[in-house]
Amino acid sequence: MTLDRFINRPVLSTVISIVIVILGVLGLVSLPVVQYPDIAPPTVQVSTTYTGANAQTVLNSVIAPLEEQINGVENMDYMTSTATNTGAATIQITFKMGTDPDMAAVNVQNRVAKAQGLLPSEVTQVGVITQKRQSSMLMIFSVSDTEDRYDEAFVENYAKINIIPQIQRVKGVGDAMVMGADYSMRIWLNPEKMAEYHLMPTDISGVLAEQNIEAAPGNIGERENQTFQYTLRYKGRLSQVPEFEDIVIKANPDGTIIHLKDVARVELGRVSYGFSGKVNGHKSVTCMISQMAGSNATEIIQDCEKLLDDAQKGLPQGLKITVAQNVNDFLFASIHEVIKTLIEAFILVFIVVYIFLQDMR
């Protein structure tokens, strides 16, 4: 085929051009849109918490055993670890390009299971979380108390149990999280009272483990020649402040009983007071949304914004949802520049071709 055929047969050239334009439009509409291309190597994150421990203790008793077992996992490239004075431990394992992230997470989880017996009991009770790291952040929004009606614990808990579960069900959302703390029953020990009654913090934790439990009490009447068999039920875990205050810590020889309220102050608060957030001077909690690989970021953000608008109508009085950042602003600006460049290129090509051919066909 010679090049002059496209000049002598303008209809053929026109048809080819129209087909190329149609394919381009279909690709622009249907292909996933993301802020950054998925060229980063897959990464798996292992995280846990050792409550009350400093960074050095976390490094020696948590991170070291985990790293020894994880090191050498299939297709691993390198790993980095972080320990903080709040007891948090995080290990990032980076794998070679082309590694299946799902299989990488499974392989790491198997290695973590080998290290469970080497970790402190406090860590195994909390659990060690292994998950694929989502590096593509889509949106940041805040739930703020514009009338200062509620405390931080209420705002954080409301966002976690009412808004985040809905966000997680949006198609294409990989993860949604609240940058805050959960509700927790806080027990503040009084050192002077503890010393007076010759008690240690381990005595308190041991009593809590014995009396605040969920168990199967069984049933009665199975072999007693009775007409009915009864399954026993009991209250289970404690949930109210007075119930914790009435926990028996110790019984003295003289018959007196020491309750938890005698040596500590009990309140329902946050699991951690190490951080807080504000929006325009009001108490708030920040939430982040990330996407799954290969999903359409623009469509996900639009669905999330619609959901947040609906959620705003049902919020308690004084709460307000504010979108602080989303990648649609960058994406729309980039697409606008692409379309602008395309139009400019089309005009320039049209002018150049007409100058050389001197024929409108």
# chains A, B, ... in the order shown; residues from 1 in each chain; ligands from 1
$ select_by_dssp --residues "segment 48-182 of chain A" --states "strand (DSSP E)" --output "number ranges by chain"
A: 48-49, 76-83, 88-95, 129-132, 137-145, 173-179
$ residues_around --residues "segment 222-234 of chain A" --least-positions-apart "5" --cutoff "12 Å" --atoms "only C-alpha atoms" --output "list in words"
Asn212, Ile213, Glu214, Ala215, Ala216 and Pro217 of chain A
$ select_by_dssp --residues "segment 122-334 of chain A" --states "alpha helix (DSSP H)" --output "PyMOL selection string"
chain A and resi 122-126+152-158+164-168+191-196+201-211+241-245+297-313+328-334
$ write_last_selection --atoms "C-alpha atoms" --output "PDB file, in the first residue's frame"
ATOM      1  CA  GLU A 122      -1.046  -8.644  75.586  1.00  0.00           C
ATOM      2  CA  VAL A 123      -0.187  -8.472  71.884  1.00  0.00           C
ATOM      3  CA  THR A 124      -1.780 -11.806  70.968  1.00  0.00           C
ATOM      4  CA  GLN A 125      -4.976 -10.762  72.759  1.00  0.00           C
ATOM      5  CA  VAL A 126      -5.175  -7.590  70.666  1.00  0.00           C
ATOM      6  CA  GLU A 152     -14.642  13.746  70.889  1.00  0.00           C
ATOM      7  CA  ALA A 153     -15.405  10.142  71.827  1.00  0.00           C
ATOM      8  CA  PHE A 154     -19.028  10.504  70.691  1.00  0.00           C
ATOM      9  CA  VAL A 155     -18.101  12.084  67.349  1.00  0.00           C
ATOM     10  CA  GLU A 156     -15.462   9.423  66.643  1.00  0.00           C
ATOM     11  CA  ASN A 157     -17.755   6.561  67.603  1.00  0.00           C
ATOM     12  CA  TYR A 158     -20.652   7.952  65.561  1.00  0.00           C
ATOM     13  CA  ILE A 164     -17.721   4.309  57.664  1.00  0.00           C
ATOM     14  CA  PRO A 165     -19.685   1.027  57.209  1.00  0.00           C
ATOM     15  CA  GLN A 166     -21.717   2.681  54.449  1.00  0.00           C
ATOM     16  CA  ILE A 167     -18.574   4.018  52.771  1.00  0.00           C
ATOM     17  CA  GLN A 168     -16.973   0.568  52.842  1.00  0.00           C
ATOM     18  CA  PRO A 191      -1.248   4.845  93.343  1.00  0.00           C
ATOM     19  CA  GLU A 192      -1.790   5.853  96.949  1.00  0.00           C
ATOM     20  CA  LYS A 193      -4.853   3.635  97.382  1.00  0.00           C
ATOM     21  CA  MET A 194      -3.101   0.785  95.588  1.00  0.00           C
ATOM     22  CA  ALA A 195      -0.151   1.007  97.967  1.00  0.00           C
ATOM     23  CA  GLU A 196      -2.462   1.227 100.970  1.00  0.00           C
ATOM     24  CA  PRO A 201      -1.718  -3.240  88.497  1.00  0.00           C
ATOM     25  CA  THR A 202      -1.433  -6.916  87.543  1.00  0.00           C
ATOM     26  CA  ASP A 203      -3.870  -7.727  90.363  1.00  0.00           C
ATOM     27  CA  ILE A 204      -6.452  -5.445  88.770  1.00  0.00           C
ATOM     28  CA  SER A 205      -5.938  -6.831  85.257  1.00  0.00           C
ATOM     29  CA  GLY A 206      -6.140 -10.391  86.584  1.00  0.00           C
ATOM     30  CA  VAL A 207      -9.466  -9.714  88.322  1.00  0.00           C
ATOM     31  CA  LEU A 208     -10.833  -8.083  85.172  1.00  0.00           C
ATOM     32  CA  ALA A 209      -9.846 -11.111  83.106  1.00  0.00           C
ATOM     33  CA  GLU A 210     -11.641 -13.411  85.583  1.00  0.00           C
ATOM     34  CA  GLN A 211     -14.864 -11.451  86.102  1.00  0.00           C
ATOM     35  CA  VAL A 241     -19.458   2.137  84.735  1.00  0.00           C
ATOM     36  CA  PRO A 242     -21.243   1.070  88.001  1.00  0.00           C
ATOM     37  CA  GLU A 243     -20.793  -2.592  87.038  1.00  0.00           C
ATOM     38  CA  PHE A 244     -17.036  -2.135  86.754  1.00  0.00           C
ATOM     39  CA  GLU A 245     -16.921  -0.103  89.963  1.00  0.00           C
ATOM     40  CA  ALA A 297     -11.539   6.885  41.050  1.00  0.00           C
ATOM     41  CA  THR A 298     -13.900   9.512  39.623  1.00  0.00           C
ATOM     42  CA  GLU A 299     -16.918   7.229  39.881  1.00  0.00           C
ATOM     43  CA  ILE A 300     -16.022   6.164  43.441  1.00  0.00           C
ATOM     44  CA  ILE A 301     -15.679   9.761  44.636  1.00  0.00           C
ATOM     45  CA  GLN A 302     -18.989  10.747  43.065  1.00  0.00           C
ATOM     46  CA  ASP A 303     -20.723   7.802  44.759  1.00  0.00           C
ATOM     47  CA  CYS A 304     -19.083   8.650  48.110  1.00  0.00           C
ATOM     48  CA  GLU A 305     -20.063  12.322  47.841  1.00  0.00           C
ATOM     49  CA  LYS A 306     -23.662  11.323  47.124  1.00  0.00           C
ATOM     50  CA  LEU A 307     -23.629   8.989  50.133  1.00  0.00           C
ATOM     51  CA  LEU A 308     -22.185  11.687  52.389  1.00  0.00           C
ATOM     52  CA  ASP A 309     -24.869  14.127  51.237  1.00  0.00           C
ATOM     53  CA  ASP A 310     -27.538  11.584  52.209  1.00  0.00           C
ATOM     54  CA  ALA A 311     -25.790  10.881  55.524  1.00  0.00           C
ATOM     55  CA  GLN A 312     -25.683  14.604  56.319  1.00  0.00           C
ATOM     56  CA  LYS A 313     -29.501  14.673  56.435  1.00  0.00           C
ATOM     57  CA  ASN A 328     -11.240  14.549  41.538  1.00  0.00           C
ATOM     58  CA  ASP A 329     -10.003  18.140  41.540  1.00  0.00           C
ATOM     59  CA  PHE A 330      -6.654  16.999  40.183  1.00  0.00           C
ATOM     60  CA  LEU A 331      -8.219  14.473  37.801  1.00  0.00           C
ATOM     61  CA  PHE A 332     -10.705  16.915  36.311  1.00  0.00           C
ATOM     62  CA  ALA A 333      -7.972  19.541  35.859  1.00  0.00           C
ATOM     63  CA  SER A 334      -5.773  16.955  34.123  1.00  0.00           C
TER      64      SER A 334
END
$ atom_distance --atom1 "atom CA of Lys320 of chain A" --atom2 "atom CA of Leu138 of chain A"
20.0 Å
$ residues_around --residues "Gln92 of chain A" --least-positions-apart "2" --cutoff "7 Å" --atoms "only C-alpha atoms" --output "NGL selection string"
:A and (43-46 or 79-81 or 90 or 94)
$ write_last_selection --atoms "C-alpha atoms" --output "PDB file, in the first residue's frame"
ATOM      1  CA  THR A  43       3.230  -3.874  49.739  1.00  0.00           C
ATOM      2  CA  VAL A  44       1.831  -5.758  52.736  1.00  0.00           C
ATOM      3  CA  GLN A  45       1.479  -4.143  56.157  1.00  0.00           C
ATOM      4  CA  VAL A  46       1.668  -5.970  59.487  1.00  0.00           C
ATOM      5  CA  MET A  79      10.933  -4.452  54.620  1.00  0.00           C
ATOM      6  CA  THR A  80      10.866  -1.520  57.015  1.00  0.00           C
ATOM      7  CA  SER A  81       9.529  -1.339  60.567  1.00  0.00           C
ATOM      8  CA  THR A  90       4.160  -1.490  62.038  1.00  0.00           C
ATOM      9  CA  THR A  94       7.683  -4.622  49.843  1.00  0.00           C
TER      10      THR A  94
END
$ closest_residue --among "A:Lys250, A:Arg111, A:Lys283, A:Lys132" --to "Met200 of chain A" --atoms "only C-alpha atoms"
A:Lys250
$ closest_residue --among "A:Ser142, A:Ser121, A:Thr14, A:Thr48" --to "Ile163 of chain A" --atoms "only C-alpha atoms"
A:Ser142
$ closest_atom_pairs --of "segment 311-356 of chain A" --to "segment 279-282 of chain A" --cutoff "12 Å" --atoms "only C-alpha atoms" --output "CSV"
residue,atom,partner,partner_atom,distance
A:Gly318,CA,A:His282,CA,10.6
A:Leu319,CA,A:His282,CA,10.2
A:Lys320,CA,A:Val279,CA,10.1
A:Ile321,CA,A:Val279,CA,10.3
A:Thr322,CA,A:Val279,CA,8.7
A:Val323,CA,A:Val279,CA,10.9
A:Ala324,CA,A:Val279,CA,9.6
$ residues_around --residues "Ser290 of chain A" --least-positions-apart "2" --cutoff "6 Å" --atoms "only C-alpha atoms" --output "PyMOL selection string"
chain A and resi 136-138+174-175
